[in-house]
file query.cif (mmCIF, C-alpha atoms)
data_my_file
#
loop_
_atom_site.label_atom_id
_atom_site.label_comp_id
_atom_site.auth_asym_id
_atom_site.auth_seq_id
_atom_site.Cartn_x
_atom_site.Cartn_y
_atom_site.Cartn_z
CA MET A 1 -16.11 38.06 89.64
CA ASN A 2 -15.55 35.79 92.56
CA SER A 3 -11.95 35.42 93.63
CA PRO A 4 -11.07 31.97 94.92
CA ASP A 5 -10.23 31.79 98.53
CA LEU A 6 -6.42 31.65 98.73
CA SER A 7 -6.18 31.49 102.50
CA ASP A 8 -6.01 27.70 102.38
CA GLN A 9 -3.45 26.84 99.74
CA LYS A 10 -4.63 23.27 99.41
CA ALA A 11 -7.88 24.54 98.00
CA VAL A 12 -6.27 26.04 94.87
CA ASP A 13 -7.61 24.38 91.75
CA LEU A 14 -4.76 23.75 89.31
CA SER A 15 -6.95 22.70 86.40
CA PRO A 16 -6.91 25.13 83.43
CA GLU A 17 -10.39 26.38 84.36
CA GLY A 18 -9.39 26.94 87.93
CA THR A 19 -6.22 28.85 87.14
CA ALA A 20 -8.03 30.90 84.52
CA LYS A 21 -10.46 31.95 87.23
CA ALA A 22 -7.47 33.14 89.24
CA GLY A 23 -6.29 35.18 86.25
CA VAL A 24 -3.36 32.83 85.57
CA ILE A 25 -2.75 31.02 82.31
CA LEU A 26 -0.67 27.90 82.46
CA SER A 27 1.01 26.74 79.30
CA SER A 28 4.18 25.08 78.18
CA LEU A 29 7.08 27.28 77.17
CA VAL A 30 7.41 25.43 73.87
CA TRP A 31 3.80 26.11 72.98
CA ILE A 32 4.25 29.86 73.43
CA TYR A 33 7.53 29.72 71.59
CA ASN A 34 6.02 27.93 68.61
CA TRP A 35 2.85 30.02 68.65
CA SER A 36 4.75 33.28 68.45
CA ARG A 37 7.24 31.94 65.93
CA SER A 38 4.61 30.53 63.59
CA ASN A 39 2.64 33.78 63.62
CA SER A 40 5.65 35.88 62.73
CA VAL A 41 7.32 34.23 59.77
CA TRP A 42 9.51 36.61 57.80
CA PRO A 43 9.92 35.49 54.20
CA LEU A 44 12.94 36.31 52.10
CA LEU A 45 12.23 38.87 49.39
CA PHE A 46 13.31 37.17 46.22
CA GLY A 47 11.57 35.58 43.27
CA TRP A 48 12.45 34.02 39.95
CA ALA A 49 9.59 33.57 37.58
CA CYS A 50 5.82 33.65 37.20
CA CYS A 51 5.41 32.13 40.70
CA ALA A 52 6.97 35.32 42.07
CA ILE A 53 4.16 37.31 40.46
CA GLU A 54 1.67 35.22 42.44
CA MET A 55 3.78 35.73 45.55
CA ILE A 56 3.61 39.50 45.02
CA GLY A 57 -0.16 39.16 44.60
CA THR A 58 -0.31 37.26 47.87
CA ALA A 59 1.48 40.08 49.62
CA GLY A 60 -0.95 42.61 48.14
CA SER A 61 -4.02 43.93 49.90
CA ARG A 62 -6.52 41.60 48.21
CA HIS A 63 -5.07 38.32 49.47
CA ASP A 64 -3.12 39.94 52.28
CA ILE A 65 -0.50 37.59 53.67
CA ALA A 66 -0.33 39.97 56.66
CA ARG A 67 -3.37 38.18 58.10
CA PHE A 68 -1.01 35.28 58.79
CA GLY A 69 1.80 37.38 60.17
CA ALA A 70 4.13 36.87 57.22
CA GLU A 71 3.99 40.25 55.53
CA VAL A 72 7.51 41.39 56.40
CA PHE A 73 9.43 40.38 53.28
CA ARG A 74 13.07 41.01 54.13
CA PRO A 75 15.59 41.70 51.36
CA SER A 76 18.41 40.12 53.35
CA PRO A 77 18.83 36.42 54.20
CA ARG A 78 20.23 37.45 57.59
CA GLN A 79 16.85 38.84 58.63
CA SER A 80 14.46 36.25 57.28
CA ASP A 81 13.46 32.75 58.28
CA LEU A 82 11.34 31.55 55.35
CA MET A 83 12.61 30.99 51.84
CA ILE A 84 9.86 30.80 49.22
CA VAL A 85 11.54 29.23 46.19
CA SER A 86 9.20 30.79 43.66
CA GLY A 87 10.09 29.62 40.19
CA THR A 88 12.47 27.73 37.94
CA VAL A 89 15.91 27.22 39.44
CA THR A 90 18.47 27.10 36.66
CA LYS A 91 21.72 25.23 37.17
CA LYS A 92 23.58 28.52 37.02
CA MET A 93 21.42 29.87 39.87
CA ALA A 94 21.42 26.76 42.10
CA PRO A 95 24.74 27.45 43.92
CA GLN A 96 23.53 30.93 44.81
CA VAL A 97 20.25 29.56 46.21
CA VAL A 98 22.09 27.13 48.47
CA ARG A 99 24.47 29.89 49.55
CA ILE A 100 21.57 32.21 50.43
CA TYR A 101 19.92 29.38 52.36
CA ASN A 102 23.12 28.83 54.33
CA GLN A 103 23.23 32.52 55.21
CA MET A 104 19.77 32.48 56.79
CA PRO A 105 19.72 32.24 60.61
CA GLU A 106 18.10 29.33 62.42
CA PRO A 107 15.31 28.35 62.58
CA LYS A 108 14.62 28.49 58.86
CA TYR A 109 12.01 27.00 56.63
CA VAL A 110 11.61 26.44 52.87
CA ILE A 111 8.49 26.40 50.70
CA ALA A 112 9.09 24.98 47.22
CA MET A 113 6.50 26.94 45.26
CA GLY A 114 5.32 25.65 41.89
CA ALA A 115 6.12 22.72 39.64
CA CYS A 116 9.56 24.07 38.68
CA ALA A 117 10.90 24.40 42.20
CA ILE A 118 9.57 20.93 43.06
CA SER A 119 10.84 18.97 40.05
CA GLY A 120 11.86 21.22 37.17
CA GLY A 121 8.26 21.30 35.96
CA PRO A 122 7.70 21.87 32.26
CA PHE A 123 11.43 22.59 31.83
CA LYS A 124 12.52 19.32 33.44
CA GLN A 125 14.22 17.91 30.35
CA GLY A 126 16.11 21.13 29.67
CA TYR A 127 19.90 21.07 29.83
CA ASN A 128 20.01 24.14 32.07
CA VAL A 129 17.30 23.44 34.66
CA LEU A 130 17.74 21.98 38.14
CA LYS A 131 15.24 19.18 38.70
CA GLY A 132 13.92 20.35 42.02
CA ILE A 133 15.51 22.49 44.73
CA ASP A 134 15.01 19.63 47.22
CA ARG A 135 18.12 18.03 45.75
CA TYR A 136 20.29 20.50 47.66
CA ILE A 137 18.30 21.99 50.55
CA PRO A 138 15.58 20.50 52.81
CA VAL A 139 12.08 21.55 51.79
CA ASP A 140 9.35 21.83 54.43
CA VAL A 141 6.27 22.38 52.25
CA TYR A 142 5.80 21.42 48.61
CA LEU A 143 3.27 23.64 46.87
CA PRO A 144 2.22 22.27 43.47
CA GLY A 145 0.72 24.37 40.70
CA CYS A 146 1.89 26.17 37.62
CA PRO A 147 1.83 28.77 39.04
CA PRO A 148 -0.14 28.19 42.28
CA ARG A 149 -2.81 30.74 43.08
CA PRO A 150 -2.31 33.11 46.04
CA GLU A 151 -4.85 31.10 48.05
CA ALA A 152 -2.64 28.05 47.57
CA LEU A 153 0.39 29.96 48.82
CA LEU A 154 -1.60 31.02 51.87
CA HIS A 155 -2.57 27.39 52.42
CA SER A 156 1.06 26.34 52.22
CA LEU A 157 1.93 29.01 54.78
CA MET A 158 -0.80 27.69 57.08
CA THR A 159 0.58 24.17 56.60
CA LEU A 160 4.00 25.46 57.56
CA GLN A 161 2.52 27.14 60.64
CA LYS A 162 0.98 23.83 61.70
CA GLN A 163 4.37 22.17 61.24
CA ILE A 164 6.08 24.83 63.32
CA LYS A 165 3.50 24.41 66.10
CA ARG A 166 4.28 20.69 66.26
CA GLN A 167 8.00 21.24 66.72
CA LYS A 168 9.71 20.42 70.01
CA SER A 169 12.64 22.59 71.02
CA LEU A 170 13.08 21.27 74.57
CA GLY A 171 13.21 17.96 76.34
CA ARG A 172 14.46 14.60 75.17
CA THR A 173 12.81 14.46 71.77
CA ILE A 174 13.86 17.58 69.92
CA THR A 175 12.26 17.80 66.50
CA ASN A 176 13.19 21.39 65.76
CA PRO A 177 16.36 21.04 63.71
CA ALA A 178 17.60 24.39 64.96
CA TYR A 179 18.07 22.82 68.41
CA GLY A 180 19.22 19.39 67.31
CA GLU A 181 22.63 18.23 66.30
CA GLY A 182 21.88 18.15 62.59
CA ARG A 183 24.21 20.13 60.38
CA ARG A 184 22.26 22.91 58.71
CA ILE A 185 25.04 24.30 56.50
CA TYR A 186 24.69 22.51 53.22
CA PRO A 187 27.49 22.09 50.66
CA VAL A 188 27.24 24.49 47.73
CA PRO A 189 27.30 22.62 44.40
CA GLU A 190 29.90 23.56 41.82
CA LEU A 191 29.39 24.25 38.15
CA ARG A 192 31.63 21.75 36.47
CA GLY A 193 31.67 21.03 32.76
CA ASP A 194 28.08 21.14 31.64
CA ASP A 195 26.40 20.07 34.87
CA LEU A 196 26.35 20.63 38.60
CA PHE A 197 28.62 18.63 40.84
CA PRO A 198 27.51 16.80 42.89
CA PRO A 199 24.21 16.20 41.03
CA PHE A 200 22.37 16.03 44.39
CA ASN A 201 23.13 16.17 48.09
CA PRO A 202 22.62 12.62 49.44
CA GLU A 203 21.96 14.02 52.96
CA VAL A 204 18.79 15.61 51.66
CA TRP A 205 17.71 13.67 48.61
CA THR A 206 18.52 10.38 46.93
CA PRO A 207 16.82 8.95 43.88
CA PRO A 208 14.18 6.41 44.96
CA ALA A 209 15.45 2.84 44.78
CA LYS A 210 12.44 1.78 42.74
CA ASN A 211 10.19 3.97 40.69
CA PRO A 212 6.60 3.10 41.71
CA ASN A 213 5.21 4.47 38.48
CA VAL A 214 7.40 2.38 36.23
CA GLU A 215 7.06 -1.33 35.95
CA ASP A 216 8.95 -3.38 33.43
CA GLY A 217 10.08 -0.25 31.60
CA CYS A 218 6.52 0.93 31.13
CA PRO A 219 4.54 3.32 33.31
CA ALA A 220 2.27 1.30 35.60
CA GLY A 221 -1.16 0.65 34.24
CA ARG A 222 0.03 0.59 30.65
CA LYS A 223 0.93 -2.67 28.97
CA SER A 224 4.01 -2.73 26.81
CA VAL A 225 3.03 -3.51 23.23
CA MET B 1 6.02 48.62 7.34
CA ALA B 2 6.82 48.75 3.67
CA ALA B 3 9.10 46.07 2.28
CA ILE B 4 12.59 47.02 1.14
CA ASP B 5 13.68 46.52 -2.48
CA HIS B 6 16.99 44.69 -2.67
CA LYS B 7 17.87 45.71 -6.26
CA GLY B 8 19.71 48.85 -5.17
CA VAL B 9 22.19 47.03 -3.01
CA ILE B 10 22.80 44.42 -5.73
CA ARG B 11 23.43 47.28 -8.20
CA GLN B 12 25.98 48.78 -5.81
CA PHE B 13 27.64 45.44 -4.98
CA PRO B 14 27.09 43.16 -8.01
CA GLU B 15 29.19 40.36 -6.53
CA LEU B 16 26.71 39.80 -3.66
CA GLU B 17 24.26 36.92 -3.75
CA TRP B 18 20.53 37.40 -3.18
CA GLU B 19 18.86 34.25 -1.87
CA ALA B 20 15.31 34.46 -3.14
CA SER B 21 14.01 31.48 -1.14
CA SER B 22 14.65 33.20 2.17
CA GLY B 23 14.56 36.78 0.87
CA SER B 24 17.96 37.59 2.27
CA LEU B 25 21.28 39.00 1.23
CA ILE B 26 24.17 36.56 1.65
CA LEU B 27 27.43 38.13 2.80
CA SER B 28 30.85 36.66 3.25
CA PRO B 29 32.45 37.90 6.50
CA GLU B 30 35.09 40.05 4.77
CA LYS B 31 32.49 42.14 2.91
CA VAL B 32 30.46 42.95 6.03
CA ASP B 33 31.95 46.28 7.07
CA GLU B 34 31.73 47.79 3.60
CA VAL B 35 28.18 46.65 2.86
CA VAL B 36 26.71 47.35 6.28
CA SER B 37 28.11 50.88 6.51
CA TRP B 38 26.78 51.57 3.01
CA LEU B 39 23.30 50.23 3.92
CA LYS B 40 23.29 52.38 7.03
CA GLU B 41 24.22 55.60 5.23
CA ASP B 42 22.64 55.24 1.78
CA PRO B 43 19.59 57.57 1.50
CA ALA B 44 17.53 54.88 -0.24
CA TYR B 45 18.03 52.39 2.62
CA ARG B 46 18.97 54.16 5.90
CA LEU B 47 18.87 50.92 7.89
CA ASP B 48 19.29 52.53 11.29
CA TYR B 49 17.83 49.82 13.53
CA LEU B 50 19.18 46.31 14.06
CA SER B 51 16.24 44.36 15.42
CA CYS B 52 17.44 40.79 15.80
CA VAL B 53 20.55 38.62 15.56
CA SER B 54 20.07 34.86 15.26
CA GLY B 55 22.34 31.89 14.77
CA VAL B 56 21.48 28.90 12.58
CA ASP B 57 23.24 25.55 12.49
CA TYR B 58 23.05 23.20 9.48
CA LEU B 59 24.45 19.70 9.59
CA GLU B 60 25.61 18.04 6.39
CA LYS B 61 22.61 16.36 4.83
CA GLU B 62 21.23 14.90 1.63
CA VAL B 63 18.73 17.04 -0.21
CA LYS B 64 16.43 15.87 -3.00
CA THR B 65 15.54 18.24 -5.80
CA ARG B 66 13.22 17.63 -8.76
CA VAL B 67 14.98 18.09 -12.10
CA ARG B 68 14.13 17.26 -15.72
CA ASN B 69 16.40 14.59 -17.24
CA GLU B 70 17.43 14.17 -20.92
CA ALA B 71 14.27 12.25 -21.79
CA GLY B 72 12.21 15.16 -20.51
CA LYS B 73 10.96 13.36 -17.39
CA MET B 74 10.89 14.85 -13.91
CA VAL B 75 13.20 12.87 -11.58
CA PHE B 76 14.59 13.34 -8.11
CA LYS B 77 18.25 14.22 -7.95
CA THR B 78 20.08 13.66 -4.68
CA SER B 79 22.84 16.04 -3.76
CA LEU B 80 24.82 16.71 -0.59
CA SER B 81 24.17 19.99 1.19
CA PRO B 82 27.37 20.97 3.03
CA GLU B 83 27.51 21.70 6.75
CA LYS B 84 27.36 25.39 7.45
CA MET B 85 26.52 28.00 10.06
CA GLU B 86 24.73 31.26 9.53
CA VAL B 87 24.16 34.45 11.46
CA VAL B 88 20.96 36.20 10.45
CA TYR B 89 20.45 39.93 10.99
CA HIS B 90 17.07 41.67 10.72
CA PHE B 91 17.23 45.40 9.97
CA TYR B 92 14.58 48.10 9.94
CA SER B 93 14.69 51.74 8.97
CA MET B 94 13.03 53.89 11.60
CA GLU B 95 13.60 56.99 9.47
CA LYS B 96 11.93 55.67 6.30
CA LYS B 97 9.47 53.34 8.12
CA THR B 98 10.59 50.36 6.06
CA GLY B 99 11.67 46.84 6.83
CA PRO B 100 12.59 44.20 7.52
CA PHE B 101 15.76 43.74 5.52
CA ILE B 102 17.45 40.40 6.15
CA LEU B 103 21.18 39.91 5.91
CA LYS B 104 23.04 36.64 6.45
CA GLN B 105 26.65 35.88 7.16
CA ARG B 106 27.43 32.32 6.09
CA VAL B 107 30.48 30.23 6.95
CA LEU B 108 31.05 26.72 5.58
CA SER B 109 32.59 25.40 8.78
CA ARG B 110 31.19 24.04 12.00
CA GLU B 111 34.59 23.42 13.55
CA ASN B 112 35.73 27.00 13.77
CA PRO B 113 33.08 29.42 12.52
CA VAL B 114 34.28 33.02 12.49
CA VAL B 115 32.19 35.95 11.23
CA THR B 116 32.54 39.71 11.47
CA SER B 117 30.89 41.55 14.32
CA LEU B 118 28.38 44.32 13.64
CA THR B 119 28.90 45.89 17.06
CA PRO B 120 31.10 48.71 15.68
CA HIS B 121 28.16 49.76 13.48
CA TYR B 122 25.22 48.90 15.78
CA GLY B 123 25.82 49.04 19.52
CA GLY B 124 22.71 46.94 20.12
CA ALA B 125 24.38 43.97 18.48
CA GLU B 126 26.73 43.47 21.39
CA LEU B 127 24.55 41.38 23.70
CA MET B 128 22.78 39.57 20.87
CA GLU B 129 26.08 38.49 19.33
CA ARG B 130 27.27 37.33 22.74
CA GLU B 131 24.19 35.14 22.94
CA VAL B 132 24.90 33.66 19.50
CA TYR B 133 28.47 32.99 20.61
CA ASP B 134 27.24 31.40 23.83
CA LEU B 135 24.69 29.07 22.30
CA PHE B 136 26.19 28.33 18.85
CA GLY B 137 29.94 28.88 19.31
CA ILE B 138 30.20 31.33 16.41
CA ARG B 139 33.03 33.77 17.08
CA PHE B 140 32.74 37.44 16.07
CA THR B 141 35.89 39.31 15.08
CA GLY B 142 35.81 42.93 16.16
CA HIS B 143 33.47 42.27 19.11
CA PRO B 144 34.65 44.24 22.15
CA ASP B 145 33.64 41.77 24.87
CA LEU B 146 32.98 38.27 23.56
CA ARG B 147 32.05 36.19 26.62
CA ARG B 148 29.33 33.73 27.48
CA ILE B 149 26.14 35.47 28.54
CA LEU B 150 23.55 32.84 29.55
CA MET B 151 25.60 29.76 30.37
CA TRP B 152 28.38 29.94 32.93
CA GLU B 153 32.05 30.48 32.18
CA GLY B 154 33.66 27.09 31.73
CA PHE B 155 30.60 25.48 30.14
CA GLN B 156 31.92 22.89 27.73
CA HIS B 157 29.57 22.89 24.76
CA TYR B 158 27.30 25.05 22.68
CA PRO B 159 23.80 23.91 23.59
CA MET B 160 21.83 25.13 20.57
CA ARG B 161 23.96 23.20 18.10
CA LYS B 162 22.20 20.36 16.32
CA ASP B 163 24.63 17.71 17.57
CA TYR B 164 24.59 18.82 21.23
CA VAL B 165 23.89 16.03 23.70
CA PRO B 166 22.56 17.35 27.03
CA PRO B 167 24.07 15.97 30.24
CA ASN B 168 22.47 12.82 31.60
CA ASP B 169 20.93 13.87 34.92
CA TYR B 170 17.91 11.59 34.67
CA GLU B 171 18.31 9.98 38.12
CA TYR B 172 14.61 9.99 38.75
CA GLU B 173 11.92 10.26 36.11
CA PRO B 174 8.35 9.73 37.38
CA THR B 175 6.80 8.79 34.03
CA PRO B 176 9.59 8.07 31.56
CA HIS B 177 9.04 6.87 28.02
CA GLY B 178 11.00 6.63 24.80
CA ASP B 179 14.45 8.24 24.84
CA VAL B 180 13.99 9.51 28.38
CA LEU B 181 13.38 5.96 29.65
CA GLU B 182 16.53 4.76 27.91
CA ARG B 183 18.66 7.59 29.26
CA ALA B 184 17.19 7.20 32.76
CA ARG B 185 18.19 3.52 32.71
CA GLU B 186 21.73 4.41 31.60
CA ARG B 187 22.00 6.99 34.38
CA ARG B 188 20.80 4.58 37.08
CA GLU B 189 23.36 2.00 35.98
CA GLU B 190 26.06 4.67 36.03
CA LEU B 191 25.13 5.75 39.57
CA GLU B 192 24.96 2.15 40.79
CA GLY B 193 28.45 1.62 39.42
CA GLN B 194 29.73 4.63 41.37
CA SER B 195 28.20 3.92 44.78
CA PRO B 196 30.23 0.90 46.09
#
call {"tool": "encode", "arguments": {"input": "query.cif", "output": "C-alpha cells"}}
result
Amino acid sequence: MNSPDLSDQKAVDLSPEGTAKAGVILSSLVWIYNWSRSNSVWPLLFGWACCAIEMIGTAGSRHDIARFGAEVFRPSPRQSDLMIVSGTVTKKMAPQVVRIYNQMPEPKYVIAMGACAISGGPFKQGYNVLKGIDRYIPVDVYLPGCPPRPEALLHSLMTLQKQIKRQKSLGRTITNPAYGEGRRIYPVPELRGDDLFPPFNPEVWTPPAKNPNVEDGCPAGRKSV
Amino acid sequence: MAAIDHKGVIRQFPELEWEASSGSLILSPEKVDEVVSWLKEDPAYRLDYLSCVSGVDYLEKEVKTRVRNEAGKMVFKTSLSPEKMEVVYHFYSMEKKTGPFILKQRVLSRENPVVTSLTPHYGGAELMEREVYDLFGIRFTGHPDLRRILMWEGFQHYPMRKDYVPPNDYEYEPTPHGDVLERARERREELEGQSP
C-alpha cells in the first residue's frame, strides 16, 4: 500500500477517499452517535396480550431480533430506551404505562404495536379500554396488525433505526428531543369516576378538527339514504 | 359426566323450587348454608367442586305466554316479569364423576341485591364472587374480602348491568355509524363547549 507523501502538508487530500488512503476516517460526531445508538436499542421487557407473544417470538432464535442489536430486553425502565407497547391498554393500566414511560432515561422511543395500542382495536368501544396509547405518550412508530407478525416488528424496529439516524443532537437545529427543550415528563392520568381524567394529553394528541372519513354524518363514499 | 338427579334434594328440602326450564334449583339466600352443606356432604351428591359463579341481571319486562281461554282457544296473555338478579353456581362431583348441578340464588331487587356467600363452603368461590360483585353489584354476606377485582376502586357503576351506560369517550371515531355516530357528535359538542 502506498503511503501518501506527508512531507508537503499542502498535498494532503482531504476528500473521503484520500483520508481513507491515509488510514483516517472522517465523519461527523452525530453520525457516529446515532449509528451506535440505533444499533443498540434496549427494549423494555413487558407485554400485555397476544402481541407480546409475537414479541417473544421475535426475540427467539428463528426471527432473532439480536441481528438488529435490540436483543437486550431489560426488566427495568431505568435501563431501557425502547418501550414496545404490545397489546390492549386498559384504562386501569394506562396510568402505570405513562409512569413507566416517565421513568425511562432519555433518549427514549415508543413503538405502538398492534391495533389495540394504536386505537383500541377490536375493543375500541369497550368501557374499559384506552383508545390508543398515543393519547398520553408520544409514539415514534405505529405498527398495525392484529397481532403483527415478527417480521413486521423487525420492520418497525428498522424504521425506528432510520428515524434515530436522522436525528440531530448538535448544532442549531436539534431534532432529538432528548437534547431539546421539550418537556419529556408527561402527566399521569387519574382514574376518576368511570373514566380517565384527562381523557387525553393535548400536548401529544388532540382529536382531529374534521374527520376526513365522515362527511355529512356518513362515512365518505357512502350516500345517506 | 353423568347428570345429577334432583329428586333427592327436593325430598330432603320439600320447600325448595326446581325450575325445570333451566334445570336448576332455586334458593333463597337464607336457605343457602343449610342446603349447600347438605349437598356437599350427602353421599348421593358429594358436590365437592364449584366450577363457576355467574351473575345475571333481569330488567322488568313484559312476557307473552300462550294460554287457553274459556272458549277453548289459544290466546296470548301478557304479564309483567319482575326485575330480579340471580347468581348461578355450577357444581360437579369429582368423587362420583357427576355433574353439572346448577343452583341459583335469586333476589327480587336491583337496588340492593344481597345474597349469601359460598366462600365458607368452597374457597374457590372467593375470587369469582368478587367478580360478580364488581360487575353486577351483588353483595355477598359472609364473604371475607368483598372488593372490586377487575375495575378500579372508586369506579362508579356496575358495567355488566343491563342499564349501564358506558362513558362517552368518543372524541374521534374513524368510521362511525348508528349509535356511535350519535354519541361521537354529542362528545364533540361537549368538548367544544369546554375549550373556550
call {"tool": "atom_distance", "arguments": {"input": "query.cif", "atom1": "CA of Ala20 (chain B)", "atom2": "CA of Pro113 (chain B)"}}
result
24.2 Å
call {"tool": "residues_around", "arguments": {"input": "query.cif", "residues": "Tyr101 (chain A)", "least_positions_apart": "5", "cutoff": "9 Å", "atoms": "only C-alpha atoms", "output": "JSON, numbers by chain"}}
result
{"A": [77, 83, 96, 108, 110, 137, 185, 186]}
call {"tool": "resolve_selection", "arguments": {"input": "query.cif", "expression": "the PyMOL selection byres ((chain A) within 6 of (chain B))", "output": "ChimeraX atom specification"}}
result
/A:127,193-194,207,219
call {"tool": "write_last_selection", "arguments": {"input": "query.cif", "atoms": "C-alpha atoms", "output": "compact mmCIF listing (two decimals), in the coordinates of the input"}}
result
# COMPACT_ATOMS: atom_id res chain seq x y z
CA TYR A 127 19.90 21.07 29.83
CA GLY A 193 31.67 21.03 32.76
CA ASP A 194 28.08 21.14 31.64
CA PRO A 207 16.82 8.95 43.88
CA PRO A 219 4.54 3.32 33.31
call {"tool": "residues_around", "arguments": {"input": "query.cif", "residues": "Val36 (chain B)", "least_positions_apart": "3", "cutoff": "10 Å", "atoms": "all atoms listed in the file", "output": "JSON, numbers by chain"}}
result
{"B": [27, 31, 32, 33, 39, 40, 41, 42, 47, 103, 118, 121, 122]}
call {"tool": "resolve_selection", "arguments": {"input": "query.cif", "expression": "the PyMOL selection byres ((chain B and resi 82) around 12)", "output": "list in words"}}
result
Asp57, Tyr58, Leu59, Glu60, Lys61, Glu62, Val63, Ser79, Leu80, Ser81, Glu83, Lys84, Met85, Arg106, Val107, Leu108, Ser109 and Arg110 of chain B
call {"tool": "residues_around", "arguments": {"input": "query.cif", "residues": "Met55 (chain A)", "least_positions_apart": "5", "cutoff": "9 Å", "atoms": "only C-alpha atoms", "output": "PyMOL selection string"}}
result
chain A and resi 47+50+60+84+86+149-150+153
call {"tool": "write_last_selection", "arguments": {"input": "query.cif", "atoms": "C-alpha atoms", "output": "mmCIF file, in the coordinates of the input"}}
result
data_model
loop_
_atom_site.group_PDB
_atom_site.id
_atom_site.type_symbol
_atom_site.label_atom_id
_atom_site.label_comp_id
_atom_site.auth_asym_id
_atom_site.auth_seq_id
_atom_site.Cartn_x
_atom_site.Cartn_y
_atom_site.Cartn_z
ATOM 1 C CA GLY A 47 11.570 35.580 43.270
ATOM 2 C CA CYS A 50 5.820 33.650 37.200
ATOM 3 C CA GLY A 60 -0.950 42.610 48.140
ATOM 4 C CA ILE A 84 9.860 30.800 49.220
ATOM 5 C CA SER A 86 9.200 30.790 43.660
ATOM 6 C CA ARG A 149 -2.810 30.740 43.080
ATOM 7 C CA PRO A 150 -2.310 33.110 46.040
ATOM 8 C CA LEU A 153 0.390 29.960 48.820
#
call {"tool": "atom_distance", "arguments": {"input": "query.cif", "atom1": "CA of Ser119 (chain A)", "atom2": "CA of Asn102 (chain A)"}}
result
21.3 Å
call {"tool": "closest_residue", "arguments": {"input": "query.cif", "among": "A:Thr90, A:Thr58, A:Gln161, A:Asn201", "to": "Ala117 (chain A)", "atoms": "all atoms listed in the file"}}
result
A:Thr90
call {"tool": "atom_distance", "arguments": {"input": "query.cif", "atom1": "CA of Lys97 (chain B)", "atom2": "CA of Cys52 (chain B)"}}
result
16.7 Å
call {"tool": "resolve_selection", "arguments": {"input": "query.cif", "expression": "the PyMOL selection byres ((chain A and resi 41) around 12)", "output": "PyMOL selection string"}}
result
chain A and resi 34-40+42-44+65-74+79-84+107-110+157-158+160-161+164
call {"tool": "closest_residue", "arguments": {"input": "query.cif", "among": "A:Ser61, A:Asn176, A:Ser156, A:Thr88", "to": "Gly126 (chain A)", "atoms": "only C-alpha atoms"}}
result
A:Thr88
call {"tool": "decode", "arguments": {"input": "query.cif", "residues": "region 114-126 of chain A", "atoms": "N, CA and C atoms", "output": "tab-separated table (two decimals), in the first residue's frame"}}
result
chain	number	residue	atom	x	y	z
A	114	GLY	N	-49.52	-3.17	17.24
A	114	GLY	CA	-50.84	-3.79	17.13
A	114	GLY	C	-51.97	-2.79	17.17
A	115	ALA	N	-53.14	-3.25	16.70
A	115	ALA	CA	-54.30	-2.38	16.57
A	115	ALA	C	-54.74	-1.80	17.92
A	116	CYS	N	-54.61	-2.59	18.98
A	116	CYS	CA	-55.09	-2.13	20.29
A	116	CYS	C	-54.28	-0.96	20.81
A	117	ALA	N	-52.96	-1.07	20.71
A	117	ALA	CA	-52.11	0.00	21.22
A	117	ALA	C	-52.27	1.26	20.39
A	118	ILE	N	-52.62	1.10	19.09
A	118	ILE	CA	-52.78	2.28	18.23
A	118	ILE	C	-54.10	2.98	18.52
A	119	SER	N	-55.20	2.20	18.60
A	119	SER	CA	-56.51	2.85	18.64
A	119	SER	C	-57.51	2.16	19.56
A	120	GLY	N	-57.13	1.11	20.23
A	120	GLY	CA	-58.12	0.32	20.97
A	120	GLY	C	-58.52	-0.92	20.20
A	121	GLY	N	-58.33	-0.90	18.89
A	121	GLY	CA	-58.53	-2.10	18.07
A	121	GLY	C	-59.92	-2.67	18.17
A	122	PRO	N	-60.04	-3.98	18.23
A	122	PRO	CA	-61.37	-4.59	18.28
A	122	PRO	C	-62.11	-4.29	19.59
A	123	PHE	N	-61.39	-3.78	20.59
A	123	PHE	CA	-62.04	-3.48	21.87
A	123	PHE	C	-62.32	-2.00	22.03
A	124	LYS	N	-62.28	-1.26	20.93
A	124	LYS	CA	-62.36	0.20	20.96
A	124	LYS	C	-63.61	0.70	21.67
A	125	GLN	N	-64.75	0.05	21.44
A	125	GLN	CA	-65.99	0.54	22.03
A	125	GLN	C	-66.19	0.04	23.46
A	126	GLY	N	-65.23	-0.68	24.00
A	126	GLY	CA	-65.39	-1.18	25.36
A	126	GLY	C	-65.27	-0.07	26.39
